[in-house]
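*Asks:* Below is the file final.cif, which contains mmCIF, C-alpha atoms.
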data_target
loop_
_atom_site.group_PDB
_atom_site.id
_atom_site.type_symbol
_atom_site.label_atom_id
_atom_site.label_comp_id
_atom_site.auth_asym_id
_atom_site.auth_seq_id
_atom_site.Cartn_x
_atom_site.Cartn_y
_atom_site.Cartn_z
ATOM 1 C CA MET A 4 273.511 5.644 18.320
ATOM 2 C CA THR A 5 275.582 7.951 16.154
ATOM 3 C CA VAL A 6 276.747 5.822 13.280
ATOM 4 C CA GLU A 7 275.913 7.651 10.073
ATOM 5 C CA ALA A 8 276.284 11.393 9.868
ATOM 6 C CA ASP A 9 273.297 13.295 8.585
ATOM 7 C CA SER A 10 274.320 14.985 5.337
ATOM 8 C CA ASN A 11 272.842 18.205 6.710
ATOM 9 C CA ASP A 12 274.943 17.755 9.845
ATOM 10 C CA VAL A 13 278.347 17.828 8.128
ATOM 11 C CA THR A 14 280.393 20.970 7.743
ATOM 12 C CA ASP A 15 283.324 19.705 5.652
ATOM 13 C CA ASP A 16 283.676 20.213 1.882
ATOM 14 C CA LYS A 17 284.133 16.588 0.858
ATOM 15 C CA PRO A 18 282.557 15.709 -2.512
ATOM 16 C CA ARG A 19 279.262 13.825 -2.163
ATOM 17 C CA PRO A 20 278.617 12.177 -5.530
ATOM 18 C CA TYR A 21 276.138 9.541 -4.291
ATOM 19 C CA LEU A 22 272.571 10.837 -4.360
ATOM 20 C CA CYS A 23 269.509 9.248 -2.747
ATOM 21 C CA MET A 24 266.712 9.356 -5.335
ATOM 22 C CA VAL A 25 264.065 9.294 -2.603
ATOM 23 C CA CYS A 26 265.021 12.286 -0.441
ATOM 24 C CA ASP A 27 267.933 13.891 -2.402
ATOM 25 C CA LYS A 28 270.453 13.453 0.432
ATOM 26 C CA GLN A 29 274.050 13.118 -0.744
ATOM 27 C CA PHE A 30 276.824 10.844 0.536
ATOM 28 C CA THR A 31 280.589 10.562 0.144
ATOM 29 C CA THR A 32 280.583 6.776 -0.386
ATOM 30 C CA LYS A 33 278.421 4.188 -2.092
ATOM 31 C CA GLY A 34 278.253 2.246 1.186
ATOM 32 C CA GLY A 35 276.913 5.288 2.992
ATOM 33 C CA LEU A 36 274.180 5.665 0.384
ATOM 34 C CA LYS A 37 273.340 1.955 0.583
ATOM 35 C CA ARG A 38 272.973 2.085 4.385
ATOM 36 C CA HIS A 39 270.893 5.245 4.118
ATOM 37 C CA LYS A 40 268.451 3.644 1.639
ATOM 38 C CA MET A 41 267.509 1.086 4.279
ATOM 39 C CA LEU A 42 265.969 3.929 6.281
ATOM 40 C CA HIS A 43 263.330 4.395 3.615
ATOM 41 C CA THR A 44 262.168 0.768 3.732
ATOM 42 C CA GLY A 45 262.048 0.399 7.534
ATOM 43 C CA ASP A 46 263.128 -3.260 7.237
ATOM 44 C CA LYS A 47 265.302 -4.549 10.106
ATOM 45 C CA LEU A 48 266.703 -7.855 8.937
ATOM 46 C CA TYR A 49 269.747 -8.201 11.207
ATOM 47 C CA SER A 50 269.035 -9.418 14.742
ATOM 48 C CA CYS A 51 271.290 -9.348 17.810
ATOM 49 C CA THR A 52 271.668 -12.841 19.286
ATOM 50 C CA GLN A 53 272.073 -11.460 22.810
ATOM 51 C CA CYS A 54 269.147 -9.057 23.154
ATOM 52 C CA GLU A 55 267.075 -9.645 19.984
ATOM 53 C CA LYS A 56 267.304 -6.013 18.900
ATOM 54 C CA CYS A 57 267.033 -5.685 15.109
ATOM 55 C CA PHE A 58 268.903 -3.426 12.695
ATOM 56 C CA THR A 59 268.653 -2.342 9.079
ATOM 57 C CA THR A 60 272.242 -3.326 8.185
ATOM 58 C CA GLN A 61 275.097 -5.555 9.382
ATOM 59 C CA HIS A 62 277.111 -2.376 9.945
ATOM 60 C CA TYR A 63 274.625 -1.116 12.541
ATOM 61 C CA LEU A 64 274.473 -4.568 14.140
ATOM 62 C CA ARG A 65 278.288 -4.691 14.485
ATOM 63 C CA LEU A 66 278.270 -1.292 16.159
ATOM 64 C CA HIS A 67 275.503 -2.434 18.489
ATOM 65 C CA MET A 68 277.549 -5.494 19.546
ATOM 66 C CA ASN A 69 280.060 -3.091 21.132
ATOM 67 C CA VAL A 70 277.388 -2.438 23.773
ATOM 68 C CA HIS A 71 277.544 -6.083 24.856
ATOM 69 C CA SER A 72 281.352 -6.215 24.770
ATOM 70 C CA SER A 73 281.626 -3.075 26.962
ATOM 71 C CA LYS A 74 284.212 -1.671 24.550
ATOM 72 C CA TYR A 75 282.931 1.877 25.033
ATOM 73 C CA LYS A 76 281.902 2.100 28.682
ATOM 74 C CA CYS A 77 281.134 5.280 30.614
ATOM 75 C CA THR A 78 283.368 5.472 33.695
ATOM 76 C CA GLU A 79 280.779 7.557 35.572
ATOM 77 C CA CYS A 80 277.609 5.475 35.260
ATOM 78 C CA GLY A 81 278.763 2.211 33.651
ATOM 79 C CA LYS A 82 276.558 2.562 30.568
ATOM 80 C CA CYS A 83 277.974 0.857 27.454
ATOM 81 C CA LEU A 84 277.793 2.649 24.118
ATOM 82 C CA SER A 85 278.174 1.525 20.516
ATOM 83 C CA CYS A 86 281.095 3.719 19.442
ATOM 84 C CA ASN A 87 283.518 6.375 20.621
ATOM 85 C CA ASN A 88 281.368 9.250 19.328
ATOM 86 C CA ALA A 89 278.316 7.903 21.138
ATOM 87 C CA LEU A 90 280.373 7.689 24.346
ATOM 88 C CA LYS A 91 281.617 11.248 23.877
ATOM 89 C CA PHE A 92 278.078 12.573 23.431
ATOM 90 C CA HIS A 93 276.828 10.478 26.376
ATOM 91 C CA ARG A 94 279.433 11.999 28.698
ATOM 92 C CA ARG A 95 277.872 15.385 28.060
ATOM 93 C CA SER A 96 274.780 14.145 29.911
ATOM 94 C CA HIS A 97 276.968 14.064 33.040
ATOM 95 C CA SER A 98 278.810 17.330 32.405
ATOM 96 C CA GLY A 99 275.745 19.232 31.175
ATOM 97 C CA GLU A 100 277.738 20.515 28.201
ATOM 98 C CA LYS A 101 275.559 21.760 25.314
ATOM 99 C CA PRO A 102 277.908 23.401 22.798
ATOM 100 C CA PHE A 103 275.425 23.743 19.911
ATOM 101 C CA GLU A 104 273.034 26.716 20.010
ATOM 102 C CA CYS A 105 270.023 27.436 17.795
ATOM 103 C CA THR A 106 270.404 30.849 16.148
ATOM 104 C CA VAL A 107 266.612 31.299 16.059
ATOM 105 C CA CYS A 108 265.488 30.517 19.633
ATOM 106 C CA SER A 109 268.834 30.079 21.478
ATOM 107 C CA LYS A 110 267.977 26.563 22.647
ATOM 108 C CA ARG A 111 271.151 24.533 23.185
ATOM 109 C CA PHE A 112 271.965 20.918 22.311
ATOM 110 C CA THR A 113 274.620 18.345 23.128
ATOM 111 C CA THR A 114 275.203 17.313 19.481
ATOM 112 C CA SER A 115 275.119 19.016 16.097
ATOM 113 C CA ARG A 116 272.688 16.351 14.883
ATOM 114 C CA GLU A 117 270.176 17.342 17.574
ATOM 115 C CA LEU A 118 270.589 20.975 16.523
ATOM 116 C CA VAL A 119 269.981 20.114 12.857
ATOM 117 C CA ARG A 120 266.820 18.179 13.733
ATOM 118 C CA HIS A 121 265.610 21.016 15.954
ATOM 119 C CA GLY A 122 266.277 23.545 13.170
ATOM 120 C CA ARG A 123 263.668 21.796 11.028
ATOM 121 C CA ILE A 124 261.004 22.994 13.487
ATOM 122 C CA HIS A 125 261.797 26.550 12.407
ATOM 123 C CA SER A 126 262.439 25.863 8.713
ATOM 124 C CA GLY A 127 259.665 23.332 8.144
ATOM 125 C CA GLU A 128 262.128 21.158 6.204
ATOM 126 C CA LYS A 129 261.142 17.490 5.812
ATOM 127 C CA PRO A 130 263.982 15.775 3.911
ATOM 128 C CA TYR A 131 262.909 12.157 4.454
ATOM 129 C CA LYS A 132 260.299 11.101 1.896
ATOM 130 C CA CYS A 133 258.301 7.868 1.833
ATOM 131 C CA HIS A 134 258.630 6.337 -1.631
ATOM 132 C CA LEU A 135 255.274 4.553 -1.250
ATOM 133 C CA CYS A 136 252.946 7.446 -0.358
ATOM 134 C CA ASP A 137 255.100 10.585 -0.877
ATOM 135 C CA LYS A 138 254.616 11.704 2.731
ATOM 136 C CA SER A 139 257.647 13.587 4.108
ATOM 137 C CA PHE A 140 259.261 13.588 7.561
ATOM 138 C CA THR A 141 261.787 15.622 9.503
ATOM 139 C CA THR A 142 263.887 12.650 10.696
ATOM 140 C CA ALA A 143 264.886 9.205 9.460
ATOM 141 C CA GLY A 144 263.444 7.685 12.633
ATOM 142 C CA THR A 145 259.958 9.052 11.989
ATOM 143 C CA LEU A 146 260.156 7.767 8.407
ATOM 144 C CA GLN A 147 261.082 4.281 9.673
ATOM 145 C CA HIS A 148 258.210 4.390 12.152
ATOM 146 C CA HIS A 149 255.835 5.466 9.375
ATOM 147 C CA ASN A 150 256.942 2.624 7.079
ATOM 148 C CA ARG A 151 256.525 0.008 9.815
ATOM 149 C CA HIS A 152 253.086 1.179 10.870
ATOM 150 C CA MET A 153 251.589 2.268 7.560
ATOM 151 C CA HIS A 154 253.105 -0.029 4.942
ATOM 152 C CA SER A 155 253.791 -3.283 6.796
ATOM 153 C CA ASP A 156 251.562 -5.835 8.545
ATOM 154 C CA ARG A 157 254.401 -7.717 10.272
ATOM 155 C CA ARG A 158 254.201 -7.856 14.093
ATOM 156 C CA PRO A 159 257.120 -10.048 15.142
ATOM 157 C CA TYR A 160 257.457 -8.789 18.738
ATOM 158 C CA TYR A 161 255.355 -10.752 21.254
ATOM 159 C CA CYS A 162 254.429 -9.659 24.799
ATOM 160 C CA ARG A 163 254.829 -12.591 27.203
ATOM 161 C CA TYR A 164 252.402 -11.007 29.689
ATOM 162 C CA CYS A 165 249.294 -10.514 27.550
ATOM 163 C CA GLY A 166 250.079 -11.925 24.107
ATOM 164 C CA ASN A 167 249.913 -8.610 22.238
ATOM 165 C CA CYS A 168 252.135 -8.386 19.158
ATOM 166 C CA TYR A 169 254.027 -5.286 18.015
ATOM 167 C CA LYS A 170 255.760 -4.112 14.868
ATOM 168 C CA GLY A 171 258.885 -2.832 16.598
ATOM 169 C CA SER A 172 261.054 -3.800 19.569
ATOM 170 C CA SER A 173 260.773 -0.289 20.991
ATOM 171 C CA GLU A 174 256.966 -0.530 20.980
ATOM 172 C CA LEU A 175 257.136 -3.853 22.831
ATOM 173 C CA LYS A 176 259.677 -2.533 25.334
ATOM 174 C CA SER A 177 257.474 0.480 25.999
ATOM 175 C CA HIS A 178 254.337 -1.672 26.307
ATOM 176 C CA VAL A 179 255.896 -4.089 28.829
ATOM 177 C CA ARG A 180 256.294 -1.217 31.318
ATOM 178 C CA ILE A 181 252.511 -1.277 31.699
ATOM 179 C CA HIS A 182 252.831 -4.779 33.159
ATOM 180 C CA THR A 183 256.014 -4.286 35.177
ATOM 181 C CA GLY A 184 255.507 -0.714 36.394
ATOM 182 C CA ALA A 185 259.120 0.101 35.450
ATOM 183 C CA LYS A 186 260.152 3.773 35.517
ATOM 184 C CA PRO A 187 263.470 3.970 33.660
ATOM 185 C CA TYR A 188 263.538 7.743 33.195
ATOM 186 C CA SER A 189 264.977 9.518 36.255
ATOM 187 C CA CYS A 190 265.189 13.255 36.856
ATOM 188 C CA ARG A 191 268.751 14.430 37.423
ATOM 189 C CA HIS A 192 267.516 17.279 39.652
ATOM 190 C CA CYS A 193 265.288 15.338 42.052
ATOM 191 C CA SER A 194 264.267 11.800 43.004
ATOM 192 C CA ASP A 195 261.283 11.559 40.625
ATOM 193 C CA SER A 196 261.202 8.764 38.020
ATOM 194 C CA PHE A 197 258.895 8.250 35.063
ATOM 195 C CA THR A 198 257.545 5.470 32.866
ATOM 196 C CA TRP A 199 257.775 7.476 29.638
ATOM 197 C CA LEU A 200 260.451 9.828 28.304
ATOM 198 C CA GLN A 201 257.874 12.495 27.455
ATOM 199 C CA GLN A 202 256.724 12.473 31.094
ATOM 200 C CA LEU A 203 260.294 13.263 32.142
ATOM 201 C CA LYS A 204 260.591 16.070 29.575
ATOM 202 C CA GLU A 205 257.323 17.594 30.777
ATOM 203 C CA HIS A 206 258.497 17.315 34.386
ATOM 204 C CA LEU A 207 261.806 19.039 33.577
ATOM 205 C CA LEU A 208 259.939 21.948 32.012
ATOM 206 C CA LYS A 209 257.291 22.318 34.717
ATOM 207 C CA SER A 210 259.393 21.639 37.811
ATOM 208 C CA HIS A 211 262.906 22.703 36.832
ATOM 209 C CA SER A 212 262.394 25.158 33.923
ATOM 210 C CA GLU A 213 264.653 23.045 31.710
ATOM 211 C CA GLY A 214 263.764 23.179 28.028
ATOM 212 C CA THR A 215 261.618 25.404 25.823
ATOM 213 C CA TRP A 216 257.850 25.853 25.909
ATOM 214 C CA PHE A 217 255.834 26.057 22.687
ATOM 215 C CA THR A 218 253.265 28.862 23.148
ATOM 216 C CA CYS A 219 250.018 29.393 21.264
ATOM 217 C CA HIS A 220 249.944 32.972 19.938
ATOM 218 C CA ILE A 221 246.140 33.070 20.208
ATOM 219 C CA CYS A 222 245.394 31.858 23.752
ATOM 220 C CA GLN A 223 248.948 31.737 25.205
ATOM 221 C CA LYS A 224 248.522 28.099 26.227
ATOM 222 C CA LYS A 225 251.902 26.375 26.588
ATOM 223 C CA PHE A 226 252.996 22.971 25.315
ATOM 224 C CA TYR A 227 256.159 20.988 25.915
ATOM 225 C CA ARG A 228 256.057 19.494 22.404
ATOM 226 C CA GLY A 229 255.796 21.294 19.080
ATOM 227 C CA ASP A 230 253.432 18.703 17.594
ATOM 228 C CA HIS A 231 251.061 19.224 20.517
ATOM 229 C CA LEU A 232 250.933 22.942 19.707
ATOM 230 C CA LYS A 233 250.276 22.137 16.039
ATOM 231 C CA LYS A 234 247.346 19.894 16.985
ATOM 232 C CA HIS A 235 246.070 22.536 19.410
ATOM 233 C CA MET A 236 245.975 25.088 16.577
ATOM 234 C CA HIS A 237 243.450 22.870 14.772
ATOM 235 C CA ARG A 238 240.976 23.740 17.522
ATOM 236 C CA HIS A 239 241.314 27.475 16.883
ATOM 237 C CA GLU A 240 240.985 26.862 13.151
ATOM 238 C CA GLY A 241 237.995 24.543 13.561
ATOM 239 C CA VAL A 242 239.753 21.793 11.629
ATOM 240 C CA LYS A 243 238.474 18.252 12.394
ATOM 241 C CA PRO A 244 239.851 15.979 9.667
ATOM 242 C CA TYR A 245 239.459 12.662 11.525
ATOM 243 C CA VAL A 246 236.001 11.085 11.090
ATOM 244 C CA CYS A 247 234.629 8.036 12.903
ATOM 245 C CA SER A 248 233.453 5.485 10.342
ATOM 246 C CA GLN A 249 230.680 4.242 12.645
ATOM 247 C CA CYS A 250 229.021 7.409 13.938
ATOM 248 C CA GLN A 251 230.566 10.124 11.699
ATOM 249 C CA LYS A 252 231.757 12.146 14.696
ATOM 250 C CA CYS A 253 234.752 14.346 13.796
ATOM 251 C CA PHE A 254 237.975 14.943 15.746
ATOM 252 C CA CYS A 255 240.975 17.255 15.597
ATOM 253 C CA THR A 256 243.587 14.509 16.018
ATOM 254 C CA ALA A 257 244.062 10.855 15.135
ATOM 255 C CA ALA A 258 244.649 10.079 18.832
ATOM 256 C CA GLU A 259 241.241 11.505 19.760
ATOM 257 C CA LEU A 260 239.553 9.453 17.032
ATOM 258 C CA LYS A 261 241.361 6.286 18.139
ATOM 259 C CA SER A 262 240.330 6.896 21.749
ATOM 260 C CA HIS A 263 236.729 7.525 20.691
ATOM 261 C CA GLN A 264 236.568 4.342 18.584
ATOM 262 C CA LEU A 265 237.135 2.258 21.716
ATOM 263 C CA ARG A 266 233.508 3.062 22.619
ATOM 264 C CA HIS A 267 232.396 1.055 19.597
ATOM 265 C CA SER A 268 234.582 -1.928 20.499
ATOM 266 C CA ASP A 269 234.827 -4.538 23.257
ATOM 267 C CA PHE A 270 238.535 -5.068 22.570
ATOM 268 C CA LYS A 271 240.664 -4.739 25.728
ATOM 269 C CA PRO A 272 244.344 -5.030 24.794
ATOM 270 C CA PHE A 273 245.894 -3.831 28.076
ATOM 271 C CA CYS A 274 246.388 -6.387 30.838
ATOM 272 C CA CYS A 275 247.395 -5.775 34.457
ATOM 273 C CA GLY A 276 250.550 -7.743 35.250
ATOM 274 C CA SER A 277 249.434 -8.261 38.861
ATOM 275 C CA CYS A 278 245.829 -9.487 38.629
ATOM 276 C CA GLY A 279 245.274 -10.226 34.932
ATOM 277 C CA LYS A 280 242.387 -7.779 34.523
ATOM 278 C CA TYR A 281 242.043 -6.283 31.018
ATOM 279 C CA PHE A 282 241.407 -2.667 30.037
ATOM 280 C CA LYS A 283 240.567 -0.745 26.884
ATOM 281 C CA ARG A 284 242.963 2.119 27.529
ATOM 282 C CA LYS A 285 246.638 2.311 28.472
ATOM 283 C CA CYS A 286 246.016 5.097 31.002
ATOM 284 C CA SER A 287 243.381 2.934 32.719
ATOM 285 C CA VAL A 288 245.677 -0.047 33.220
ATOM 286 C CA VAL A 289 248.525 2.208 34.418
ATOM 287 C CA LYS A 290 246.222 3.834 36.978
ATOM 288 C CA HIS A 291 244.863 0.442 38.034
ATOM 289 C CA PHE A 292 248.330 -1.122 38.308
ATOM 290 C CA LYS A 293 249.477 1.540 40.795
ATOM 291 C CA LYS A 294 246.663 0.542 43.158
ATOM 292 C CA CYS A 295 246.777 -3.174 42.408
ATOM 293 C CA SER A 296 250.504 -3.581 43.027
ATOM 294 C CA VAL A 297 250.545 -1.758 46.381
#
Mind turning this structure into structure tokens?
*Replies:*
Amino acid sequence: MTVEADSNDVTDDKPRPYLCMVCDKQFTTKGGLKRHKMLHTGDKLYSCTQCEKCFTTQHYLRLHMNVHSSKYKCTECGKCLSCNNALKFHRRSHSGEKPFECTVCSKRFTTSRELVRHGRIHSGEKPYKCHLCDKSFTTAGTLQHHNRHMHSDRRPYYCRYCGNCYKGSSELKSHVRIHTGAKPYSCRHCSDSFTWLQQLKEHLLKSHSEGTWFTCHICQKKFYRGDHLKKHMHRHEGVKPYVCSQCQKCFCTAAELKSHQLRHSDFKPFCCGSCGKYFKRKCSVVKHFKKCSV
């Protein structure tokens, strides 16, 4: 949803007297600054009565309601968007238009905002700063995710299949696919569909050469995500900062530590929607569900 322009994504010369004291971003209006500040807290106090999605401000909620009213509807696929700009950018997914090109690696993007975010991979810029722990992030979304998961204990989203509770609606929506087997991400080149967006992106790279690989300069191993390459480099450097509190075993990534810690626990949070059997790992229940639901 494109509702608030990134201050690094604007090319006009309008004065921007309103400064965010957390990340130093500047805005043309006081309202714009006020909406932006909500990104640093991660609080989503305004709920949609039709789909229970939550938003940081009433402004974002009003824009979201346009989706339900079909005010901005794509004539090609019927998808409803929140505003005219969002509809314009969505139409590029049908036309394949990508007018914004990275001057460093020549990768192209459908919107200038996507280009700005991508540019931070090359520059290392992290303009979004957490005011509680001083950690910095490349996007507002990752800052919101950090605030929810690191600085809040609220889990208001409840799974009706297994009873698990989640901090965000997106986490719940993603989790429910384990029970339903839904594959909402379809390849535009072939008939393949995927449960997760990252699976689709990996498929596009491997099967259709769409996108850009991230290559390790030491072993030439390729990755479809930049953060995966960064974690891979820890192995060459011998860095293992994640330590198990029970057996002191060390790991290169937080995900590896989390996976390892399941060995010390009997907790099985993943439930098969067909037979009710519980599993420790998401990959295990997904694999099981494919066989169980046949």
*Asks:* Exactly which residues make up the result of the PyMOL selection byres ((chain A and resi 105) around 12) on this file, given as a PDB file with C-alpha atoms, in the coordinates of the input?
*Replies:*
ATOM      1  CA  LYS A 101     275.559  21.760  25.314  1.00  0.00           C
ATOM      2  CA  PRO A 102     277.908  23.401  22.798  1.00  0.00           C
ATOM      3  CA  PHE A 103     275.425  23.743  19.911  1.00  0.00           C
ATOM      4  CA  GLU A 104     273.034  26.716  20.010  1.00  0.00           C
ATOM      5  CA  THR A 106     270.404  30.849  16.148  1.00  0.00           C
ATOM      6  CA  VAL A 107     266.612  31.299  16.059  1.00  0.00           C
ATOM      7  CA  CYS A 108     265.488  30.517  19.633  1.00  0.00           C
ATOM      8  CA  SER A 109     268.834  30.079  21.478  1.00  0.00           C
ATOM      9  CA  LYS A 110     267.977  26.563  22.647  1.00  0.00           C
ATOM     10  CA  ARG A 111     271.151  24.533  23.185  1.00  0.00           C
ATOM     11  CA  PHE A 112     271.965  20.918  22.311  1.00  0.00           C
ATOM     12  CA  THR A 113     274.620  18.345  23.128  1.00  0.00           C
ATOM     13  CA  THR A 114     275.203  17.313  19.481  1.00  0.00           C
ATOM     14  CA  SER A 115     275.119  19.016  16.097  1.00  0.00           C
ATOM     15  CA  ARG A 116     272.688  16.351  14.883  1.00  0.00           C
ATOM     16  CA  GLU A 117     270.176  17.342  17.574  1.00  0.00           C
ATOM     17  CA  LEU A 118     270.589  20.975  16.523  1.00  0.00           C
ATOM     18  CA  VAL A 119     269.981  20.114  12.857  1.00  0.00           C
ATOM     19  CA  ARG A 120     266.820  18.179  13.733  1.00  0.00           C
ATOM     20  CA  HIS A 121     265.610  21.016  15.954  1.00  0.00           C
ATOM     21  CA  GLY A 122     266.277  23.545  13.170  1.00  0.00           C
ATOM     22  CA  ARG A 123     263.668  21.796  11.028  1.00  0.00           C
ATOM     23  CA  ILE A 124     261.004  22.994  13.487  1.00  0.00           C
ATOM     24  CA  HIS A 125     261.797  26.550  12.407  1.00  0.00           C
ATOM     25  CA  SER A 126     262.439  25.863   8.713  1.00  0.00           C
ATOM     26  CA  THR A 215     261.618  25.404  25.823  1.00  0.00           C
TER      27      THR A 215
END
*Asks:* Between A:His192, A:Lys224, A:His62, A:Lys243, which residue has the minimum interatomic distance to Ala257 of chain A, considering all atoms listed in the file?
*Replies:*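 Closest residue, counting all atoms listed in the file: A:Lys243.
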*Asks:* Starting from the PyMOL selection byres ((chain A and resi 133) around 8), expand the selection into actual residues of this file and give them as a VMD selection string.
*Replies:* chain A and resid 25 43 131 to 132 134 to 139 146 150
*Asks:* Output C-alpha atoms of each residue in that selection to a file, as a short mmCIF file (atom, residue, chain, number, x, y, z; two decimals), in the frame of the given file.
*Replies:*
data_model
loop_
_atom_site.label_atom_id
_atom_site.label_comp_id
_atom_site.auth_asym_id
_atom_site.auth_seq_id
_atom_site.Cartn_x
_atom_site.Cartn_y
_atom_site.Cartn_z
CA VAL A 25 264.06 9.29 -2.60
CA HIS A 43 263.33 4.39 3.62
CA TYR A 131 262.91 12.16 4.45
CA LYS A 132 260.30 11.10 1.90
CA HIS A 134 258.63 6.34 -1.63
CA LEU A 135 255.27 4.55 -1.25
CA CYS A 136 252.95 7.45 -0.36
CA ASP A 137 255.10 10.58 -0.88
CA LYS A 138 254.62 11.70 2.73
CA SER A 139 257.65 13.59 4.11
CA LEU A 146 260.16 7.77 8.41
CA ASN A 150 256.94 2.62 7.08
#
*Asks:* Between A:Cys83, A:Cys190, A:Ala143, A:Leu232, which residue has the minimum interatomic distance to His211 of chain A, considering all atoms listed in the file?
*Replies:* A:Cys190
*Asks:* Kindly indicate which residue among A:Leu36, A:Cys51, A:Met153, A:Cys275 lies nearest to Tyr21 of chain A, using all atoms listed in the file for the distances.
*Replies:*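 Using all atoms listed in the file, Tyr21 of chain A sits closest to A:Leu36.
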*Asks:* Care to translate the PyMOL selection byres ((chain A and resi 169) around 6) into actual residues of this file, as a PDB file with C-alpha atoms, in the frame of the given file?
*Replies:*
ATOM      1  CA  ARG A 158     254.201  -7.856  14.093  1.00  0.00           C
ATOM      2  CA  TYR A 160     257.457  -8.789  18.738  1.00  0.00           C
ATOM      3  CA  CYS A 168     252.135  -8.386  19.158  1.00  0.00           C
ATOM      4  CA  LYS A 170     255.760  -4.112  14.868  1.00  0.00           C
ATOM      5  CA  GLY A 171     258.885  -2.832  16.598  1.00  0.00           C
ATOM      6  CA  LEU A 175     257.136  -3.853  22.831  1.00  0.00           C
TER       7      LEU A 175
END
*Asks:* Which polymer residues have any atom within 12 Å of an atom of Tyr49 of chain A, counting all atoms listed in the file, with same-chain residues fewer than 6 positions away left out, as a ChimeraX atom specification?
*Replies:* /A:41,55-65,67-68
*Asks:* Find the distance between atom CA of Thr141 of chain A and atom CA of Trp216 of chain A and write it in Å to one decimal.
*Replies:*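 Between atom CA of Thr141 of chain A and atom CA of Trp216 of chain A the gap works out to 19.7 Å.
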*Asks:* Between A:Ser50, A:Gln29, A:Glu240, A:Lys285, which one has atoms that come closest to Pro159 of chain A, using all atoms listed in the file?
*Replies:* A:Ser50
*Asks:* So which residues touch Leu203 of chain A within 7 Å, counting all atoms listed in the file, skipping near sequence neighbours fewer than 4 positions away, as a short mmCIF file (atom, residue, chain, number, x, y, z; two decimals) with C-alpha atoms, in the frame of the given file?
*Replies:*
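Output (part_2.cif):
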data_model
loop_
_atom_site.label_atom_id
_atom_site.label_comp_id
_atom_site.auth_asym_id
_atom_site.auth_seq_id
_atom_site.Cartn_x
_atom_site.Cartn_y
_atom_site.Cartn_z
CA TYR A 188 263.54 7.74 33.20
CA CYS A 190 265.19 13.26 36.86
CA PHE A 197 258.90 8.25 35.06
CA TRP A 199 257.77 7.48 29.64
CA LEU A 207 261.81 19.04 33.58
#
*Asks:* Set up a box along x, y and z of the file covering all listed atoms of segment 56-73 of chain A, add 4 Å on every one of the six sides, and write the centre and edge lengths in Å to one decimal, as lines of an AutoDock Vina configuration file.
*Replies:*
center_x = 274.3
center_y = -3.7
center_z = 17.6
size_x = 22.6
size_y = 13.1
size_z = 26.8
*Asks:* Can you tell me how far atom CA of Gln201 of chain A sits from atom CA of Tyr227 of chain A, in Å to one decimal?
*Replies:*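 Here the two named atoms are 8.8 Å from each other.
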*Asks:* Is there a way to complete segment 182-194 of chain A with N, CA and C atoms and then write that out as a PDB file, in the frame of the given file?
*Replies:*
ATOM      1  N   HIS A 182     252.943  -3.581  32.326  1.00  0.00           N
ATOM      2  CA  HIS A 182     252.831  -4.779  33.159  1.00  0.00           C
ATOM      3  C   HIS A 182     253.789  -4.741  34.352  1.00  0.00           C
ATOM      4  N   THR A 183     254.981  -4.240  34.131  1.00  0.00           N
ATOM      5  CA  THR A 183     256.014  -4.286  35.177  1.00  0.00           C
ATOM      6  C   THR A 183     256.014  -3.074  36.096  1.00  0.00           C
ATOM      7  N   GLY A 184     255.472  -1.940  35.594  1.00  0.00           N
ATOM      8  CA  GLY A 184     255.507  -0.714  36.394  1.00  0.00           C
ATOM      9  C   GLY A 184     256.872  -0.052  36.412  1.00  0.00           C
ATOM     10  N   ALA A 185     257.760  -0.449  35.496  1.00  0.00           N
ATOM     11  CA  ALA A 185     259.120   0.101  35.450  1.00  0.00           C
ATOM     12  C   ALA A 185     259.097   1.601  35.135  1.00  0.00           C
ATOM     13  N   LYS A 186     260.004   2.324  35.752  1.00  0.00           N
ATOM     14  CA  LYS A 186     260.152   3.773  35.517  1.00  0.00           C
ATOM     15  C   LYS A 186     261.626   4.062  35.229  1.00  0.00           C
ATOM     16  N   PRO A 187     262.041   3.864  33.983  1.00  0.00           N
ATOM     17  CA  PRO A 187     263.470   3.970  33.660  1.00  0.00           C
ATOM     18  C   PRO A 187     263.997   5.388  33.482  1.00  0.00           C
ATOM     19  N   TYR A 188     263.091   6.372  33.452  1.00  0.00           N
ATOM     20  CA  TYR A 188     263.538   7.743  33.195  1.00  0.00           C
ATOM     21  C   TYR A 188     263.575   8.545  34.499  1.00  0.00           C
ATOM     22  N   SER A 189     264.788   8.839  34.971  1.00  0.00           N
ATOM     23  CA  SER A 189     264.977   9.518  36.255  1.00  0.00           C
ATOM     24  C   SER A 189     265.385  10.976  36.054  1.00  0.00           C
ATOM     25  N   CYS A 190     264.848  11.834  36.899  1.00  0.00           N
ATOM     26  CA  CYS A 190     265.189  13.255  36.856  1.00  0.00           C
ATOM     27  C   CYS A 190     266.542  13.457  37.530  1.00  0.00           C
ATOM     28  N   ARG A 191     267.419  14.195  36.851  1.00  0.00           N
ATOM     29  CA  ARG A 191     268.751  14.430  37.423  1.00  0.00           C
ATOM     30  C   ARG A 191     268.748  15.517  38.494  1.00  0.00           C
ATOM     31  N   HIS A 192     267.598  16.206  38.665  1.00  0.00           N
ATOM     32  CA  HIS A 192     267.516  17.279  39.652  1.00  0.00           C
ATOM     33  C   HIS A 192     266.847  16.833  40.955  1.00  0.00           C
ATOM     34  N   CYS A 193     266.003  15.804  40.858  1.00  0.00           N
ATOM     35  CA  CYS A 193     265.288  15.338  42.052  1.00  0.00           C
ATOM     36  C   CYS A 193     265.126  13.823  41.980  1.00  0.00           C
ATOM     37  N   SER A 194     264.375  13.263  42.907  1.00  0.00           N
ATOM     38  CA  SER A 194     264.267  11.800  43.004  1.00  0.00           C
ATOM     39  C   SER A 194     263.138  11.218  42.156  1.00  0.00           C
TER      40      SER A 194
END
